[in-house]
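Asker: File name structure07.cif; file contents mmCIF, C-alpha atoms and all ligand atoms; full text below.
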data_target
loop_
_atom_site.label_atom_id
_atom_site.label_comp_id
_atom_site.auth_asym_id
_atom_site.auth_seq_id
_atom_site.Cartn_x
_atom_site.Cartn_y
_atom_site.Cartn_z
CA MET A 533 -59.79 64.00 -39.01
CA SER A 534 -63.01 65.91 -38.35
CA GLU A 535 -65.53 66.80 -41.04
CA THR A 536 -64.79 69.88 -43.14
CA TYR A 537 -67.10 72.46 -44.66
CA THR A 538 -66.68 75.07 -47.35
CA VAL A 539 -66.75 78.69 -46.23
CA THR A 540 -67.42 81.13 -49.06
CA ILE A 541 -66.42 84.71 -48.41
CA GLU A 542 -68.44 87.30 -50.30
CA PRO A 543 -67.90 89.63 -52.07
CA LEU A 544 -64.30 88.35 -52.33
CA GLU A 545 -65.56 85.17 -54.03
CA ARG A 546 -63.03 83.13 -52.07
CA GLU A 547 -63.67 79.60 -50.84
CA VAL A 548 -61.88 78.12 -47.85
CA GLU A 549 -62.07 74.65 -46.33
CA CYS A 550 -62.79 74.78 -42.61
CA GLY A 551 -62.90 71.94 -40.10
CA ALA A 552 -66.09 71.47 -38.08
CA ASP A 553 -64.07 72.23 -34.94
CA GLN A 554 -62.01 75.03 -36.49
CA ALA A 555 -62.76 78.74 -36.09
CA ILE A 556 -63.75 80.30 -39.42
CA LEU A 557 -61.25 83.13 -38.94
CA ASP A 558 -58.47 80.63 -38.34
CA ALA A 559 -59.25 78.78 -41.58
CA CYS A 560 -59.33 82.05 -43.52
CA LEU A 561 -56.08 83.45 -42.09
CA ARG A 562 -54.26 80.17 -42.74
CA ALA A 563 -55.53 80.19 -46.34
CA GLY A 564 -54.25 83.74 -46.84
CA VAL A 565 -57.70 85.38 -46.71
CA TRP A 566 -57.39 88.39 -44.46
CA LEU A 567 -60.43 89.25 -42.31
CA PRO A 568 -60.46 92.03 -39.69
CA HIS A 569 -59.81 90.78 -36.17
CA ALA A 570 -58.20 91.93 -32.92
CA CYS A 571 -58.52 89.75 -29.80
CA THR A 572 -59.23 86.34 -31.46
CA HIS A 573 -61.02 85.25 -28.25
CA GLY A 574 -64.61 86.41 -28.80
CA THR A 575 -64.27 89.54 -26.66
CA CYS A 576 -63.86 92.68 -28.78
CA GLY A 577 -66.39 92.28 -31.61
CA THR A 578 -63.95 93.35 -34.34
CA CYS A 579 -64.49 90.15 -36.35
CA LYS A 580 -68.30 90.35 -36.37
CA LEU A 581 -69.65 89.27 -39.76
CA GLN A 582 -72.98 88.43 -41.36
CA VAL A 583 -73.74 84.80 -42.16
CA LEU A 584 -75.63 84.88 -45.47
CA GLU A 585 -76.21 81.14 -45.83
CA GLY A 586 -75.66 78.05 -43.69
CA GLU A 587 -75.33 77.42 -39.95
CA VAL A 588 -72.59 78.22 -37.46
CA GLU A 589 -71.95 77.55 -33.77
CA HIS A 590 -71.20 80.78 -31.88
CA ASN A 591 -69.24 78.81 -29.26
CA ASP A 592 -67.41 80.99 -26.77
CA ALA A 593 -68.53 84.41 -28.06
CA SER A 594 -68.96 86.95 -25.26
CA ASP A 595 -72.59 87.98 -24.72
CA PHE A 596 -71.35 91.56 -24.70
CA ALA A 597 -69.50 91.35 -28.01
CA LEU A 598 -72.29 89.41 -29.77
CA MET A 599 -75.66 90.29 -28.37
CA GLU A 600 -78.80 88.17 -28.55
CA PHE A 601 -80.45 90.33 -31.23
CA GLU A 602 -77.29 90.17 -33.36
CA ARG A 603 -77.29 86.36 -33.14
CA ASN A 604 -80.94 86.46 -34.25
CA GLU A 605 -79.96 88.68 -37.18
CA GLY A 606 -77.44 86.07 -38.35
CA LYS A 607 -74.28 87.82 -37.17
CA THR A 608 -71.35 85.89 -35.72
CA LEU A 609 -67.83 86.37 -34.35
CA VAL A 610 -65.71 84.44 -36.81
CA CYS A 611 -62.73 84.21 -34.42
CA VAL A 612 -64.68 81.69 -32.32
CA ALA A 613 -67.52 80.54 -34.63
CA THR A 614 -67.27 77.11 -36.25
CA PRO A 615 -69.30 75.93 -39.26
CA SER A 616 -72.06 73.32 -38.88
CA SER A 617 -72.69 73.23 -42.64
CA ASP A 618 -71.26 74.88 -45.74
CA VAL A 619 -71.59 78.62 -45.08
CA VAL A 620 -71.47 81.89 -46.96
CA ILE A 621 -70.29 84.94 -45.01
CA GLU A 622 -70.18 88.57 -46.00
CA ALA A 623 -66.90 90.39 -45.36
CA ASP A 624 -66.47 93.94 -46.50
CA VAL A 625 -62.70 94.15 -46.16
CA ASP A 626 -60.95 97.48 -46.60
CA VAL A 627 -57.64 96.89 -48.31
CA GLU A 628 -55.05 99.26 -46.88
CA GLU A 629 -52.40 100.71 -49.13
CA GLY A 630 -48.95 99.24 -48.63
CA VAL A 631 -50.02 96.57 -46.13
CA VAL A 632 -48.85 92.99 -46.64
CA TYR A 633 -50.87 90.41 -44.73
CA HIS A 634 -49.04 87.27 -43.65
CA SER A 635 -50.70 83.86 -43.35
CA VAL A 636 -51.05 82.20 -39.97
CA ASN A 637 -49.01 79.06 -39.29
CA ASP A 638 -48.33 76.76 -36.35
CA TYR A 639 -44.90 76.68 -34.72
CA ARG A 640 -43.16 74.55 -32.18
CA GLY A 641 -41.02 76.79 -30.02
CA THR A 642 -38.26 76.19 -27.52
CA LEU A 643 -37.96 78.60 -24.63
CA VAL A 644 -34.34 79.77 -24.60
CA THR A 645 -34.66 82.62 -22.10
CA LEU A 646 -37.04 83.17 -19.21
CA GLU A 647 -36.13 86.16 -17.08
CA ASP A 648 -37.71 88.52 -14.59
CA ILE A 649 -37.41 92.03 -16.01
CA ALA A 650 -39.61 93.92 -13.55
CA ARG A 651 -42.04 93.19 -10.75
CA ASP A 652 -44.42 90.45 -11.95
CA THR A 653 -43.07 90.80 -15.48
CA ARG A 654 -41.11 88.24 -17.48
CA ARG A 655 -39.31 88.20 -20.79
CA LEU A 656 -39.64 85.02 -22.84
CA VAL A 657 -37.33 84.41 -25.77
CA ILE A 658 -38.53 81.55 -27.96
CA ASP A 659 -36.72 79.79 -30.79
CA LEU A 660 -39.19 78.77 -33.50
CA ASP A 661 -38.92 75.70 -35.71
CA GLY A 662 -39.53 77.82 -38.81
CA GLU A 663 -39.49 81.46 -39.87
CA MET A 664 -42.52 83.54 -39.02
CA ALA A 665 -43.29 86.48 -41.29
CA PHE A 666 -45.18 89.18 -39.42
CA ASN A 667 -45.77 92.89 -39.26
CA PRO A 668 -44.25 94.73 -36.28
CA GLY A 669 -46.98 95.01 -33.63
CA GLN A 670 -48.70 91.66 -34.28
CA TYR A 671 -49.09 88.84 -31.77
CA VAL A 672 -48.98 85.07 -31.32
CA THR A 673 -51.32 82.71 -29.52
CA ILE A 674 -49.80 80.13 -27.20
CA GLU A 675 -51.34 76.89 -25.95
CA VAL A 676 -51.50 76.66 -22.18
CA PRO A 677 -50.29 73.07 -21.65
CA GLY A 678 -52.94 70.63 -20.52
CA LYS A 679 -55.66 73.27 -20.22
CA GLY A 680 -57.19 73.23 -23.71
CA ALA A 681 -56.86 77.02 -23.75
CA THR A 682 -54.76 79.57 -25.62
CA ARG A 683 -53.55 83.02 -24.63
CA THR A 684 -52.29 85.83 -26.80
CA TYR A 685 -48.99 87.72 -26.44
CA SER A 686 -47.56 90.51 -28.58
CA ILE A 687 -44.23 90.01 -30.27
CA ALA A 688 -41.66 92.45 -28.88
CA SER A 689 -38.90 91.58 -31.36
CA PRO A 690 -38.73 92.88 -34.94
CA PRO A 691 -39.68 90.88 -38.09
CA SER A 692 -35.98 90.62 -39.00
CA GLU A 693 -35.66 88.05 -36.19
CA ALA A 694 -38.02 85.63 -37.89
CA LYS A 695 -36.93 82.49 -36.01
CA ARG A 696 -36.49 83.92 -32.51
CA ILE A 697 -39.24 85.95 -30.91
CA GLU A 698 -39.37 87.91 -27.67
CA LEU A 699 -42.50 88.20 -25.52
CA GLN A 700 -43.06 90.32 -22.41
CA VAL A 701 -45.64 88.93 -20.03
CA ARG A 702 -47.25 90.42 -16.93
CA ARG A 703 -48.54 88.16 -14.16
CA THR A 704 -52.29 88.24 -13.57
CA PRO A 705 -53.13 87.05 -10.04
CA GLY A 706 -55.11 83.82 -10.38
CA GLY A 707 -54.55 83.80 -14.14
CA LEU A 708 -54.57 80.44 -15.90
CA ALA A 709 -51.60 81.09 -18.20
CA THR A 710 -49.54 83.49 -16.12
CA ASP A 711 -49.93 82.58 -12.44
CA GLY A 712 -50.71 78.97 -13.33
CA TRP A 713 -47.87 78.39 -15.80
CA ILE A 714 -45.55 81.16 -17.03
CA PHE A 715 -44.80 82.38 -13.49
CA SER A 716 -44.78 78.96 -11.85
CA THR A 717 -43.91 75.79 -13.76
CA LEU A 718 -42.49 77.08 -17.07
CA ARG A 719 -38.73 76.49 -17.46
CA GLU A 720 -36.04 77.31 -20.03
CA GLY A 721 -35.81 74.42 -22.51
CA ASP A 722 -39.58 73.76 -22.41
CA VAL A 723 -41.44 73.32 -25.68
CA LEU A 724 -44.27 75.74 -26.49
CA MET A 725 -46.93 75.33 -29.17
CA LEU A 726 -47.87 78.60 -30.77
CA SER A 727 -49.40 80.08 -33.87
CA GLY A 728 -49.34 83.43 -35.60
CA PRO A 729 -49.11 86.11 -36.66
CA TYR A 730 -52.45 87.67 -35.66
CA GLY A 731 -53.89 91.13 -35.28
CA ARG A 732 -54.40 94.41 -37.04
CA PHE A 733 -52.28 96.46 -34.63
CA PHE A 734 -49.13 96.95 -36.63
CA LEU A 735 -46.99 99.67 -38.14
CA ARG A 736 -48.48 101.36 -41.19
CA GLU A 737 -45.22 102.05 -43.03
CA ALA A 738 -46.92 104.04 -45.77
CA ARG A 739 -48.03 106.62 -43.24
CA THR A 740 -45.07 108.90 -42.78
CA GLU A 741 -46.47 111.23 -40.09
CA PRO A 742 -44.61 111.41 -36.74
CA MET A 743 -45.80 108.62 -34.45
CA ILE A 744 -46.89 108.85 -30.83
CA LEU A 745 -46.47 105.41 -29.23
CA ILE A 746 -48.15 104.86 -25.86
CA GLY A 747 -47.73 101.62 -23.92
CA GLY A 748 -49.16 100.70 -20.53
CA GLY A 749 -47.24 97.95 -18.68
CA THR A 750 -46.48 95.09 -21.07
CA GLY A 751 -48.33 97.11 -23.73
CA LEU A 752 -44.75 98.21 -24.44
CA ALA A 753 -44.08 94.90 -26.23
CA PRO A 754 -45.55 95.55 -29.70
CA LEU A 755 -44.22 99.12 -29.60
CA LYS A 756 -40.72 97.77 -29.04
CA SER A 757 -41.11 95.70 -32.19
CA ILE A 758 -42.26 98.77 -34.13
CA VAL A 759 -39.44 101.00 -32.83
CA ARG A 760 -36.76 98.41 -33.55
CA HIS A 761 -38.14 97.76 -37.03
CA VAL A 762 -38.26 101.45 -37.96
CA LEU A 763 -34.70 102.10 -36.76
CA GLU A 764 -33.07 99.00 -38.21
CA THR A 765 -34.70 99.26 -41.64
CA GLY A 766 -33.85 102.95 -42.06
CA LEU A 767 -37.45 104.18 -42.12
CA GLU A 768 -37.66 107.85 -41.30
CA HIS A 769 -40.72 108.05 -39.04
CA ARG A 770 -40.22 110.35 -36.04
CA MET A 771 -41.18 108.38 -32.93
CA TYR A 772 -42.24 109.56 -29.46
CA LEU A 773 -42.45 106.57 -27.12
CA TYR A 774 -44.31 106.81 -23.78
CA HIS A 775 -44.28 103.96 -21.28
CA GLY A 776 -46.66 104.16 -18.33
CA VAL A 777 -46.27 101.96 -15.24
CA ARG A 778 -47.06 102.38 -11.54
CA THR A 779 -43.63 102.47 -9.87
CA LYS A 780 -39.94 102.17 -10.72
CA ALA A 781 -40.12 98.47 -9.85
CA ASP A 782 -42.53 97.99 -12.76
CA LEU A 783 -40.29 99.64 -15.37
CA PHE A 784 -38.38 97.51 -17.86
CA ASP A 785 -36.23 98.05 -20.96
CA GLY A 786 -35.57 101.61 -19.76
CA GLU A 787 -31.83 101.37 -20.32
CA TYR A 788 -32.37 99.86 -23.76
CA PHE A 789 -34.66 102.65 -24.93
CA GLY A 790 -32.44 105.27 -23.25
CA GLN A 791 -29.53 104.03 -25.39
CA LEU A 792 -31.65 104.12 -28.54
CA GLU A 793 -32.61 107.70 -27.75
CA LYS A 794 -28.92 108.64 -27.46
CA GLN A 795 -28.12 106.91 -30.76
CA HIS A 796 -31.07 108.47 -32.65
CA PRO A 797 -31.74 111.82 -30.93
CA GLU A 798 -33.41 113.34 -33.98
CA GLN A 799 -35.73 110.43 -34.62
CA PHE A 800 -36.58 108.77 -31.34
CA SER A 801 -37.53 109.95 -27.87
CA TYR A 802 -38.44 107.86 -24.86
CA ARG A 803 -40.47 108.97 -21.86
CA PRO A 804 -41.16 106.54 -18.99
CA VAL A 805 -43.90 107.79 -16.66
CA LEU A 806 -44.71 106.54 -13.15
CA SER A 807 -48.24 106.97 -11.84
CA GLU A 808 -47.63 106.09 -8.18
CA GLU A 809 -44.08 107.22 -7.38
CA GLU A 810 -42.13 110.46 -7.46
CA TRP A 811 -38.77 110.23 -9.23
CA GLU A 812 -36.43 112.13 -11.49
CA GLY A 813 -38.53 111.25 -14.57
CA GLY A 814 -42.16 111.86 -15.47
CA THR A 815 -44.81 111.35 -12.80
CA GLY A 816 -48.58 111.04 -13.27
CA PHE A 817 -50.65 109.19 -15.81
CA VAL A 818 -48.99 108.50 -19.12
CA THR A 819 -51.84 110.41 -20.77
CA ASP A 820 -50.97 113.50 -18.70
CA ALA A 821 -47.43 113.40 -20.09
CA VAL A 822 -48.71 113.26 -23.67
CA ASP A 823 -51.16 116.04 -22.86
CA ALA A 824 -48.36 118.23 -21.51
CA ASP A 825 -45.91 117.52 -24.35
CA PHE A 826 -48.21 118.13 -27.33
CA GLU A 827 -50.11 121.32 -27.92
CA SER A 828 -51.83 119.53 -30.79
CA CYS A 829 -51.50 115.99 -32.09
CA LYS A 830 -52.83 116.89 -35.51
CA TRP A 831 -50.78 115.45 -38.41
CA HIS A 832 -49.49 112.58 -36.28
CA THR A 833 -50.43 108.92 -36.06
CA ALA A 834 -50.71 107.13 -32.72
CA TYR A 835 -50.29 103.55 -31.58
CA ILE A 836 -51.72 102.73 -28.14
CA CYS A 837 -51.44 99.39 -26.38
CA GLY A 838 -52.14 98.00 -22.92
CA PRO A 839 -54.97 97.47 -20.43
CA PRO A 840 -58.32 98.59 -21.92
CA PRO A 841 -58.98 101.47 -19.46
CA MET A 842 -55.55 102.96 -20.20
CA VAL A 843 -56.05 102.58 -23.96
CA GLU A 844 -59.42 104.28 -23.67
CA ALA A 845 -57.98 107.18 -21.67
CA ALA A 846 -55.15 107.64 -24.18
CA MET A 847 -57.63 107.59 -27.05
CA LYS A 848 -59.64 110.37 -25.42
CA THR A 849 -56.52 112.47 -24.75
CA LEU A 850 -55.37 112.16 -28.35
CA MET A 851 -58.78 113.03 -29.73
CA LYS A 852 -58.96 116.07 -27.45
CA LYS A 853 -55.62 117.02 -29.03
CA ARG A 854 -57.23 116.89 -32.47
CA LEU A 855 -56.20 113.45 -33.65
CA PHE A 856 -58.96 111.58 -35.51
CA PRO A 857 -59.84 107.92 -34.75
CA LYS A 858 -58.62 106.99 -38.24
CA ASP A 859 -55.13 108.12 -37.21
CA ILE A 860 -55.11 106.04 -34.03
CA TYR A 861 -54.29 102.33 -33.89
CA ARG A 862 -55.07 100.50 -30.66
CA GLU A 863 -54.50 97.11 -29.07
CA ASP A 864 -56.54 96.35 -25.96
CA PHE A 865 -55.06 93.61 -23.80
CA PHE A 866 -58.44 92.02 -23.06
CA ASP A 867 -58.47 89.05 -20.69
CA ALA A 868 -60.98 86.48 -19.44
CA SER A 869 -62.58 88.97 -17.05
CA ASP A 870 -63.23 91.43 -19.89
CA LYS A 871 -64.86 88.60 -21.79
CA ALA A 872 -67.13 87.73 -18.87
CA THR A 873 -68.03 91.29 -17.90
CA GLY A 874 -67.84 93.19 -21.17
CA GLY A 875 -64.80 95.19 -19.90
CA VAL A 876 -64.60 98.68 -21.35
CA ARG A 877 -67.18 98.74 -24.10
CA SER A 878 -65.78 101.67 -25.95
CA PRO A 879 -67.90 103.59 -28.43
CA LEU A 880 -64.53 104.53 -29.95
CA LEU A 881 -63.42 100.95 -30.53
CA LYS A 882 -62.80 100.42 -34.22
CA ARG A 883 -65.09 97.71 -35.44
C1 LIG A 901 -54.25 91.03 -28.60
C2 LIG A 901 -53.73 90.79 -27.22
C3 LIG A 901 -52.36 90.85 -26.98
C4 LIG A 901 -51.88 90.64 -25.69
N1 LIG A 901 -50.53 90.75 -25.47
C5 LIG A 901 -50.06 90.65 -24.19
C6 LIG A 901 -48.66 90.83 -23.93
O1 LIG A 901 -47.85 91.06 -24.83
N2 LIG A 901 -48.26 90.73 -22.64
C7 LIG A 901 -49.13 90.47 -21.59
O2 LIG A 901 -48.69 90.41 -20.44
N3 LIG A 901 -50.45 90.27 -21.84
C8 LIG A 901 -50.92 90.34 -23.11
N4 LIG A 901 -52.26 90.14 -23.35
C9 LIG A 901 -53.12 89.61 -22.25
C10 LIG A 901 -52.98 88.08 -22.24
O3 LIG A 901 -53.46 87.52 -23.44
C11 LIG A 901 -53.78 87.39 -21.10
O4 LIG A 901 -55.10 87.83 -21.12
C12 LIG A 901 -53.17 87.65 -19.74
O5 LIG A 901 -51.83 87.19 -19.71
C13 LIG A 901 -53.96 86.92 -18.64
O6 LIG A 901 -54.00 85.56 -18.93
P1 LIG A 901 -54.16 84.48 -17.77
O7 LIG A 901 -54.49 83.18 -18.41
O8 LIG A 901 -53.00 84.52 -16.84
O9 LIG A 901 -55.42 85.02 -16.98
P2 LIG A 901 -56.95 84.53 -17.13
O10 LIG A 901 -57.11 83.15 -16.63
O11 LIG A 901 -57.37 84.79 -18.53
O12 LIG A 901 -57.66 85.49 -16.11
C14 LIG A 901 -57.60 86.89 -16.27
C15 LIG A 901 -58.42 87.55 -15.18
O13 LIG A 901 -59.79 87.23 -15.37
C16 LIG A 901 -60.34 86.63 -14.23
N5 LIG A 901 -61.33 85.67 -14.74
C17 LIG A 901 -61.10 84.46 -15.31
N6 LIG A 901 -62.26 83.89 -15.71
C18 LIG A 901 -63.23 84.74 -15.37
C19 LIG A 901 -64.65 84.73 -15.50
N7 LIG A 901 -65.29 83.70 -16.09
N8 LIG A 901 -65.35 85.79 -15.03
C20 LIG A 901 -64.74 86.85 -14.45
N9 LIG A 901 -63.40 86.93 -14.32
C21 LIG A 901 -62.66 85.89 -14.76
C22 LIG A 901 -59.17 86.02 -13.49
O14 LIG A 901 -59.40 85.89 -12.10
C23 LIG A 901 -58.09 87.05 -13.76
O15 LIG A 901 -58.17 88.15 -12.89
C24 LIG A 901 -52.78 90.35 -24.63
C25 LIG A 901 -54.15 90.27 -24.88
C26 LIG A 901 -54.63 90.50 -26.16
C27 LIG A 901 -56.11 90.42 -26.41
S1 LIG A 902 -61.41 89.25 -32.90
FE1 LIG A 902 -63.27 88.19 -32.68
S2 LIG A 902 -64.20 89.09 -30.99
FE2 LIG A 902 -62.24 90.02 -31.04
#
Let's see the structure in the file written out as structure tokens.
Answerer:
Amino acid sequence: MSETYTVTIEPLEREVECGADQAILDACLRAGVWLPHACTHGTCGTCKLQVLEGEVEHNDASDFALMEFERNEGKTLVCVATPSSDVVIEADVDVEEGVVYHSVNDYRGTLVTLEDIARDTRRLVIDLDGEMAFNPGQYVTIEVPGKGATRTYSIASPPSEAKRIELQVRRTPGGLATDGWIFSTLREGDVLMLSGPYGRFFLREARTEPMILIGGGTGLAPLKSIVRHVLETGLEHRMYLYHGVRTKADLFDGEYFGQLEKQHPEQFSYRPVLSEEEWEGGTGFVTDAVDADFESCKWHTAYICGPPPMVEAAMKTLMKKRLFPKDIYREDFFDASDKATGGVRSPLLKR
């Protein structure tokens, strides 16, 4: 077993043991100490904290998310930073009313279903060896076998299904996890090593405003979890779900959401939008559909998820429609190229 160090989190006055090769965020989340984070791969900057005492290794932090001058000022990205001594970090954590944070654990999963649900898109259903408590909208990280790398995927199933989770994965050409594994060698019955739950993109139950849910591609996954959770637990949030994809061949779960709309016409509406094909449904960018449907988005909350440029565009549309950033929750599906290039460095990104 590798050496361990003590990480003290101020002003919470909490102490956590952290392995020399363990990310500080990981140690904290496993010990039940919640720290803000989003991508968990050193890309977004959400987990940036001040090191008050001691030394850390910045490891794989993106140069765009943690700049040279910030490193010199003693800042670090705790999702990738490991301790090289006992350290004290400063974390000003806002505690949100009504939010329960669940500790991160490791799971051994068995893939029970692997199916193509749209072009370059697969559904994975995984049986876990223990129950995972999570908030609808959160994600898991999965080890890519033999590559010493992990990738993150949002949970599409609701928390009520604590031992069987659904993921929806889009193929990235040349991608290590997708092209190199999930869309090539992965088979039903295979064992997957995963951990979770992670992320701050989840349903705020205490907020009772009508919700605008906007998903691009597999950005639908966490929204599916939220919609299912709201409907099956009898919450009364009004939900407007938008799903943007390029063509009909890229659409999935349309029939499922169409049925839900029929069953809950007063509470749930579903609007698939195609950007590159004319059809009987909505055509154009998903943001155009929201723009056309809402004169004002004031007094709503919004949940946006998908590729960073789409999330950014949706954010701008909603703000133009008078929704404040504090009312908008976003999950950017950053990947390795965003990490290398900085991706969309949004001034609107919640830090
Ligand atoms: C919070 C979160 C939740 C997510 N949830 C989902 C989900 O539910 N479903 C889903 O489909 N995806 C999701 N993603 C995206 C997912 O985690 C992966 O990023 C995606 O599947 C690609 O992984 P990959 O290993 O196949 O590709 P990667 O190997 O990571 O490559 C991605 C792209 O980057 C390029 N690239 C690789 N290395 C470099 C480099 N050094 N410089 C420049 N370019 C490079 C590759 O050529 C490729 O085009 C989520 C991401 C985040 C952050
Ligand atoms: S959560 Fe650490 S950089 Fe995104």
Asker: Which protein, DNA or RNA residues have an atom within 8 Å of ligand LIG 902 (chain A), counting only C-alpha atoms and all ligand atoms, as number ranges by chain?
Answerer: A: 568-580, 593-594, 597, 609-612
Asker: Nearest to Asp638 (chain A): which of A:Val672, A:Leu783, A:Leu557, A:Leu567 is it, counting all atoms listed in the file?
Answerer: A:Val672
Asker: What lies within 7 Å of Cys837 (chain A) using only C-alpha atoms, ignoring chain neighbours under 5 positions off, as a list in words?
Answerer: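 Close residues of Cys837 (chain A): Ile746, Gly747, Gly748, Gly751, Val843, Arg862, Glu863 and Asp864 of chain A.
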Asker: Could you list, as a PyMOL selection string, all residues that come within 9 Å of ligand LIG 901 (chain A)? Count only C-alpha atoms and all ligand atoms.
Answerer: chain A and resi 570-573+575-576+653-654+670-673+676+681-688+699-714+730-731+733+749-754+837-839+863-873
Asker: Can you work out which one of A:Ala824, A:Ala846, A:Ile836, A:Val805 has the shortest atom-to-atom distance to Gly669 (chain A), counting all atoms listed in the file?
Answerer: A:Ile836
Asker: Taking all atoms listed in the file into account, which of A:Ala563, A:Cys550, A:Leu767, A:Leu745 comes nearest His832 (chain A)?
Answerer: A:Leu745
Asker: To one decimal place in Å, what is the distance between CA of Asn637 (chain A) and CA of Ser689 (chain A)?
Answerer: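 That distance, rounded to one decimal, is 17.9 Å.
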Asker: Can you work out which one of A:Glu768, A:Asp624, A:His634, A:Gln582 has the shortest atom-to-atom distance to Asn604 (chain A), counting all atoms listed in the file?
Answerer: A:Gln582
Asker: Report as a count of residues only all protein, DNA and RNA residues lying within 12 Å of Ile860 (chain A), evaluated on all atoms listed in the file, omitting residues in the same chain fewer than 3 positions from it.
Answerer: 35
Asker: Enter the distance from CA of Val818 (chain A) to CA of Lys858 (chain A), in Å, rounded to one decimal.
Answerer: 21.5 Å
Asker: Could you give me, as a list in words, the residues within 9 Å of region 629-632 of chain A, counting only C-alpha atoms and dropping anything in the same chain fewer than 4 positions from it?
Answerer: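 With the cut-off at 9 Å, the set is Phe666, Asn667, Arg736, Glu737 and Ala738 of chain A.
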Asker: Which is closer to Arg778 (chain A) than all the others in A:Val636, A:Leu656, A:Leu806, A:Ile674, using only C-alpha atoms?
Answerer: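 Looking only at the distances to Arg778 (chain A), the closest residue turns out to be A:Leu806.
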Asker: Can you pull out the residues contacting Ala552 (chain A)? Cut-off 9 Å, using only C-alpha atoms, and skip same-chain residues under 5 positions away; I want them as JSON, numbers by chain.
Answerer: {"A": [534, 535, 536, 537, 614, 615, 616, 617]}
Asker: Write the selection just made, keeping C-alpha atoms, as a PDB file, in the coordinates of the input?
Answerer:
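Listing of out-v2.pdb after writing:
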ATOM      1  CA  SER A 534     -63.010  65.910 -38.350  1.00  0.00           C
ATOM      2  CA  GLU A 535     -65.530  66.800 -41.040  1.00  0.00           C
ATOM      3  CA  THR A 536     -64.790  69.880 -43.140  1.00  0.00           C
ATOM      4  CA  TYR A 537     -67.100  72.460 -44.660  1.00  0.00           C
ATOM      5  CA  THR A 614     -67.270  77.110 -36.250  1.00  0.00           C
ATOM      6  CA  PRO A 615     -69.300  75.930 -39.260  1.00  0.00           C
ATOM      7  CA  SER A 616     -72.060  73.320 -38.880  1.00  0.00           C
ATOM      8  CA  SER A 617     -72.690  73.230 -42.640  1.00  0.00           C
TER       9      SER A 617
END
Asker: Go through A:Met842, A:Val539, A:Leu792, A:Leu726 one by one, measure the shortest atom-to-atom distance of each to Gly776 (chain A) using all atoms listed in the file, and give the residue with the smallest value.
Answerer: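 Among the listed residues, the smallest separation from Gly776 (chain A) belongs to A:Met842.
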Asker: In Å, rounded to a single decimal, give me how far CA of Met771 (chain A) is from CA of Asp820 (chain A).
Answerer: 18.0 Å
Asker: Fewer than 5 positions away in the same chain doesn't count, so skip those; otherwise give me all residues within 7 Å of Asp782 (chain A), counting all atoms listed in the file, as a PyMOL selection string.
Answerer: chain A and resi 650-651+777
